[in-house]
Amino acid sequence: MQAFEYARPTTAEAAVALLGSQWGDSEVLAGGTDLVSLMKDYVVSPKRLVSLKDIKSLGGIEYKPKSGLRLGATVTFQELLDSPEIARNYPALVQAAQGVTSPQIRSRGTVGGDLCQRPRCWYFRLGYGLLAQSDGKPLVPDGDNRYHAILGNEGPAYFVNPSSLAPILIALGAKVRVQGQQGVREVSLHNFFITPKSAEEREYALQPNEMLTDILVPPPEGIHMALYEVRQKEALDWPLAAAAVAFKLSGGKVDDPRVVLGHVAPVPWPSLEAEHALEGNTVGEASADEAGKAAVSRATPLSKNAYKVKLAHVAVKRAILAAAKGGANA
Amino acid sequence: MANCKYDWPEAKDRKLIGKRISRIDGHEKASGRARYTFDMNPGNLLFGKILRSPYAHAKIKSVDTSEAEKLPGVVSVVVMKPVGKEPQPEIQWAGDEIAAVAATREEIAEDAIRKIKVEYDPLPFFVNEEDLSQAEGHTKPAVTEKKGDPEKAFQDPDVVTSEGYYGVPVITHCCLETHGHVVDWPDSKSLRVYASTQGVSAIGGQFADPLEIRADDVNIICNYVGGGFGSKFAVDTWGIAAAKLSKSAGGKPVKLLLERDHELLVAGARPSAFAKVRVAAKKDGTLVAWDSESWGTGGMGGSGVPPIPYPFHDKFPNFSRKHTFVSTNIGPSRAWRAPNHPQACLITMGAIDDLAAKLNMDPVELLMKNADLAPDPTLAKYYREELEVAAKLADWHKNWHPRPDKTAGTVKRGLGVSLHTWGGNPHAGNCAVSIHPDGSVEVKLGSQDLGTGTRTVIAIVVAETLGLPVDAVKVTIGDSKYPPDGPSGGSTTVGGVSGSTRRGAVNARDAFFAAIAPALGAKPEDLEAVDWHVRVKGNAAKTLTWKQACAKLGVKSIEATGAQKPRYTTEEQKTECVLNSGGVGGVQIADVSVDTETGIVRMNRMVAAQDCGLIIDLKTAESQVHGALIMGVCYALYEEKIMDRQTGRMLNPNMEFYKLAGIGDVGELVVHMMTGPGYDERGVIGLGEPPVISPGAAISNAVANAIGVRVPTLPLTPDKVLAAIEKGGMA
């Protein structure tokens, strides 16, 4: 492991001042559950780690009925799970956090880290770069792509976004606050994720010297929400597909639905097709199934992952049914 | 032999044997105080790391270690391939060892191996064997066998034939404690090795030649092993490298245990097996004919041949089979808990289960009907009894249904059955038993406890023999300086150690009685040791506590030995006691739920009925079966060594995508050990392997019962389950 500087700034401004202007020079260290593994595997070899441990303003959970929820970037999964206000107002966020079935990761892993963690693509983790190439040839299309993307996979990126929280946060219309050299900006979480075109890019819309500081979630008034993850195991395991939904019901009919898929594309995948299919319908087995079918109508599975099309379809259906059953937040 | 002095006590006289007794090192392990090889951190420790080939097949033209040697903190470097000679050394799998480094810090050693320059000449490789048509040039005939006239039998108009494809991929051993050693040289001629090993007394000699030392100058120490499963009988190239690194570091200790990825790459693989099968029975279910064409890989070398049709083999009235070895550039295979049997079991029991479905027959009934095809009549009797017990425990007659589950809803339930056999004869071994004047008792042997309960079993045997409580016996194992005991493989340990320690304890007891009889005014043969006392039989007045009795020894301890011979001839069996044997049966039933929309299989319950002769400790025996069932769920549902055909590398050498069950994935485990008359008389028989043979078949059969169609190969992952359903499930 390359020797690195370890910095512990006390403010977000100081932290970004310590970040370099190129990806890879410095890395932000929060829970470290992903970064330390990447360093031990020599996938990243930063010269400097900027620890967020001493920046108090990055912690904390605040909920106000009028403005909604603020999650500090370094809030851990366990803190999220321990919050009665989140349990009461955002049950699907709790479902998302519960999907991480490792007490160790829940205790160390942060919500900001969940959004900024790197893809689990096994070619990437074996050292073939973010776009999984060998001598310029992409390895995923002809390789073992059983866990890769079925949507947004025209290349050169084929990995899936691994975030547990992003699908439901996007469905709820969350924004993130970003600290840069020049100050703070806000960006919708939907626009935070990008599909890189080169191995030197990252999977999120940050500059190398910017960092995520807060997650802002609008009030959940009247919203039915749910997350459904298809996971093969109860024990810690990545979902094979996931779907988050949020909608209102007006006179028994779905109003303004949001459907976001996870683990199926290089970014969390909002499905306009599913939303369109659901809008104005009553919720039932048939309409939920239609929406699921619509969600994957443009799927382009690779050689070994056609089964994920079915799983994503089912995840959408089950999330919709669960959301309707779960009731809305008053 | 009746009334032999070493015989196991009669059932009515057993105070400890056969009871449920907690393992004596349980607290040590649960509290973290037990020190495994991985926990050994002597002073001045150096850390060893190995550079491995990223290529699956290549020649090594040169290795330059000069940059690594210059790195501050690097103490020694060893090249592990004979570079610079003709022919150039050839790498046959990604992950093969090139060179090793020892450094003062772990991360320096990691950096150092990356500074070693290797010139490779990459060569073509082959890593995916399931599609045999792609394997041209990589195959070798292994077995062709025939009995009777299978073709004629298949053509009989009165038989029903089922055809199918079944298979099990390569999986790894994935020991929780990875392979490796902590090695130092107390002086220039002697080597001390803390090893994670299955053979404390056996492996020392493997260091002798490469290091030019005497085998008896190698001291192997291993108090606890974090899993071996058949993969830890060799000191391996990395053990030799660690010893060389230590030597060139002036004898300083070197710790070289494999990284997790290396553990999965090179430290053990179970061969794959795939088969196209035809099997036929009369309409009443009587099995008449078998034909199979199978293949599999164990890496570049061969692998064992699955003994199909299993376990009936040549008892099958008519059968033919052909097996082909496929050579692949993957890490070499090693014995994996019941070598070749789980593969054979899945192939045979899967095919027979499909035949039962075609016959509209209950598979338990079909197995019951054909139990006489078992290798011997005793086993046939056991199978019948175990089928009955297992069916009862699984509530088979209520819960089983013909394929598929026709109830409403997307989740379907199914039950499946399988049976198996294994040997489990004892290995040879020796022990020393001491009774000291202060009343303490110690038994020493160069054995190892793989987590199976070996320590506890030894304590029970000695305590039972001397009339003591279990915790009055100190068990000292895990060091090659003690009387040699066999390696733990083939389910041989419990027979071996119970045989030697029973003899050693009886010898110690007799010598003890001879020494103290005069003090009690009795003859030695009139004494007995019961309930922590020594007394004259039938004379309650003449009783001493154990401690008082031992005090009569004065200053001289009793030192006795005991041995279990590798085998006893028929002649010897007339005079020697036979305390153990081999040959067990077992029946398992899986109860699963399958989500037909996601293809996810959940375990409801696994039931195991298992015999293993006379059981020393019922609790650790049951625990052994629990472990096997869990391991079985893992390989049935999750495990697979995934090889990439483009890079020749393993894609999942980690615990993230090399999936194993967690506690929530295992379901309920119900274990019934067959004991009592008809079982106990056989003496002690090994148990480690048999219960891990059936789970794959039983679970696969249960899934077929739920969805109405076979998922051909393990693991039963969502993609394959959905594909099977699409192809015609739930018809």
# chains A, B, ... in the order shown; residues from 1 in each chain; ligands from 1
>>> residues_around(residues="Pro715 in chain B", least_positions_apart="2", cutoff="9 Å", atoms="only C-alpha atoms", output="MDAnalysis selection string")
chainID B and resid 168:169 634:640 696 700 713 717 720
>>> select_by_dssp(residues="range 85-274 of chain A", states="helix (DSSP H, G or I)", output="PyMOL selection string")
chain A and resi 85-89+91-98+103-108+111-116+122-128+166-171+189-192+272-274
>>> residues_around(residues="range 275-284 of chain A", least_positions_apart="2", cutoff="12 Å", atoms="only C-alpha atoms", output="PyMOL selection string")
chain A and resi 171+224+244-261+269-273+286-297+316-325
>>> interface_residues(of="chain B", to="chain A", cutoff="6 Å", atoms="only C-alpha atoms", output="PyMOL selection string")
chain B and resi 107+111+598+600+651+662+664-665+719
>>> select_by_dssp(residues="range 197-276 of chain B", states="strand (DSSP E or B)", output="PyMOL selection string")
chain B and resi 218-221+254-257+269-270+273-276
>>> write_last_selection(atoms="N, CA, C and O atoms", output="PDB file, in the first residue's frame")
ATOM      1  N   VAL B 218      12.104 -31.095  12.774  1.00  0.00           N
ATOM      2  CA  VAL B 218      11.009 -30.180  12.454  1.00  0.00           C
ATOM      3  C   VAL B 218       9.915 -30.365  13.503  1.00  0.00           C
ATOM      4  O   VAL B 218       9.444 -31.472  13.725  1.00  0.00           O
ATOM      5  N   ASN B 219       9.574 -29.292  14.157  1.00  0.00           N
ATOM      6  CA  ASN B 219       8.519 -29.356  15.175  1.00  0.00           C
ATOM      7  C   ASN B 219       7.268 -28.660  14.631  1.00  0.00           C
ATOM      8  O   ASN B 219       7.292 -27.472  14.312  1.00  0.00           O
ATOM      9  N   ILE B 220       6.211 -29.453  14.504  1.00  0.00           N
ATOM     10  CA  ILE B 220       4.941 -28.906  13.998  1.00  0.00           C
ATOM     11  C   ILE B 220       4.012 -28.665  15.190  1.00  0.00           C
ATOM     12  O   ILE B 220       3.811 -29.557  16.021  1.00  0.00           O
ATOM     13  N   ILE B 221       3.441 -27.465  15.250  1.00  0.00           N
ATOM     14  CA  ILE B 221       2.534 -27.127  16.348  1.00  0.00           C
ATOM     15  C   ILE B 221       1.226 -26.601  15.762  1.00  0.00           C
ATOM     16  O   ILE B 221       1.245 -25.739  14.871  1.00  0.00           O
ATOM     17  N   VAL B 254       8.697 -15.917  10.530  1.00  0.00           N
ATOM     18  CA  VAL B 254       8.002 -15.388   9.353  1.00  0.00           C
ATOM     19  C   VAL B 254       6.573 -15.898   9.366  1.00  0.00           C
ATOM     20  O   VAL B 254       6.335 -17.092   9.522  1.00  0.00           O
ATOM     21  N   LYS B 255       5.657 -14.981   9.235  1.00  0.00           N
ATOM     22  CA  LYS B 255       4.242 -15.346   9.181  1.00  0.00           C
ATOM     23  C   LYS B 255       3.787 -15.268   7.733  1.00  0.00           C
ATOM     24  O   LYS B 255       3.836 -14.196   7.128  1.00  0.00           O
ATOM     25  N   LEU B 256       3.371 -16.411   7.208  1.00  0.00           N
ATOM     26  CA  LEU B 256       2.911 -16.411   5.817  1.00  0.00           C
ATOM     27  C   LEU B 256       1.619 -17.221   5.738  1.00  0.00           C
ATOM     28  O   LEU B 256       1.644 -18.443   5.638  1.00  0.00           O
ATOM     29  N   LEU B 257       0.526 -16.513   5.884  1.00  0.00           N
ATOM     30  CA  LEU B 257      -0.785 -17.147   5.689  1.00  0.00           C
ATOM     31  C   LEU B 257      -1.415 -16.482   4.471  1.00  0.00           C
ATOM     32  O   LEU B 257      -1.203 -15.302   4.220  1.00  0.00           O
ATOM     33  N   ALA B 269      -9.670 -26.870  -4.422  1.00  0.00           N
ATOM     34  CA  ALA B 269     -10.840 -26.862  -5.291  1.00  0.00           C
ATOM     35  C   ALA B 269     -11.431 -28.267  -5.281  1.00  0.00           C
ATOM     36  O   ALA B 269     -10.693 -29.243  -5.213  1.00  0.00           O
ATOM     37  N   ARG B 270     -12.740 -28.331  -5.295  1.00  0.00           N
ATOM     38  CA  ARG B 270     -13.413 -29.630  -5.433  1.00  0.00           C
ATOM     39  C   ARG B 270     -13.708 -29.827  -6.909  1.00  0.00           C
ATOM     40  O   ARG B 270     -14.286 -28.932  -7.537  1.00  0.00           O
ATOM     41  N   ALA B 273     -18.265 -32.108 -11.773  1.00  0.00           N
ATOM     42  CA  ALA B 273     -18.741 -33.326 -12.441  1.00  0.00           C
ATOM     43  C   ALA B 273     -20.062 -33.000 -13.133  1.00  0.00           C
ATOM     44  O   ALA B 273     -20.953 -32.396 -12.528  1.00  0.00           O
ATOM     45  N   PHE B 274     -20.115 -33.361 -14.389  1.00  0.00           N
ATOM     46  CA  PHE B 274     -21.344 -33.169 -15.169  1.00  0.00           C
ATOM     47  C   PHE B 274     -21.666 -34.500 -15.834  1.00  0.00           C
ATOM     48  O   PHE B 274     -20.747 -35.262 -16.163  1.00  0.00           O
ATOM     49  N   ALA B 275     -22.935 -34.790 -15.994  1.00  0.00           N
ATOM     50  CA  ALA B 275     -23.265 -36.102 -16.554  1.00  0.00           C
ATOM     51  C   ALA B 275     -24.564 -36.081 -17.334  1.00  0.00           C
ATOM     52  O   ALA B 275     -25.528 -35.418 -16.957  1.00  0.00           O
ATOM     53  N   LYS B 276     -24.542 -36.824 -18.451  1.00  0.00           N
ATOM     54  CA  LYS B 276     -25.783 -37.129 -19.168  1.00  0.00           C
ATOM     55  C   LYS B 276     -26.147 -38.544 -18.763  1.00  0.00           C
ATOM     56  O   LYS B 276     -25.320 -39.458 -18.902  1.00  0.00           O
TER      57      LYS B 276
END
>>> residues_around(residues="Tyr658 in chain B", least_positions_apart="3", cutoff="10 Å", atoms="only C-alpha atoms", output="count of residues only")
14
>>> residues_around(residues="Leu212 in chain A", least_positions_apart="4", cutoff="10 Å", atoms="only C-alpha atoms", output="compact mmCIF listing (two decimals) with C-alpha atoms, in the first residue's frame")
# COMPACT_ATOMS: atom_id res chain seq x y z
CA ALA A 12 -15.83 21.02 5.12
CA VAL A 28 -12.24 11.15 1.08
CA LEU A 58 -21.20 16.51 8.45
CA GLY A 72 -25.37 14.57 7.27
CA ALA A 73 -23.03 12.72 4.92
CA THR A 74 -21.28 10.89 7.76
CA GLY A 112 -22.57 9.64 1.98
CA GLY A 113 -20.27 6.70 1.47
CA LEU A 115 -23.82 7.18 -2.51
CA CYS A 116 -20.13 7.57 -3.40
CA VAL A 176 -27.50 16.57 -2.15
CA ARG A 177 -25.40 19.49 -1.02
CA VAL A 178 -21.90 19.64 -2.40
CA GLN A 179 -19.02 21.59 -0.92
CA GLY A 180 -16.57 22.95 -3.49
CA VAL A 184 -21.76 25.13 -1.66
CA ARG A 185 -24.07 23.96 -4.42
CA GLU A 186 -27.12 21.76 -4.46
CA PHE A 192 -25.68 13.38 -9.11
CA LEU A 206 -18.42 15.77 -8.35
>>> residues_around(residues="range 178-181 of chain B", least_positions_apart="3", cutoff="7 Å", atoms="only C-alpha atoms", output="NGL selection string")
:B and (37 or 175 or 193-196 or 239 or 255-258 or 260 or 263 or 267)
>>> residues_around(residues="range 553-562 of chain B", least_positions_apart="2", cutoff="12 Å", atoms="only C-alpha atoms", output="count of residues only")
56
>>> atom_distance(atom1="CA of Ile86 in chain A", atom2="CA of Ser163 in chain A")
18.6 Å
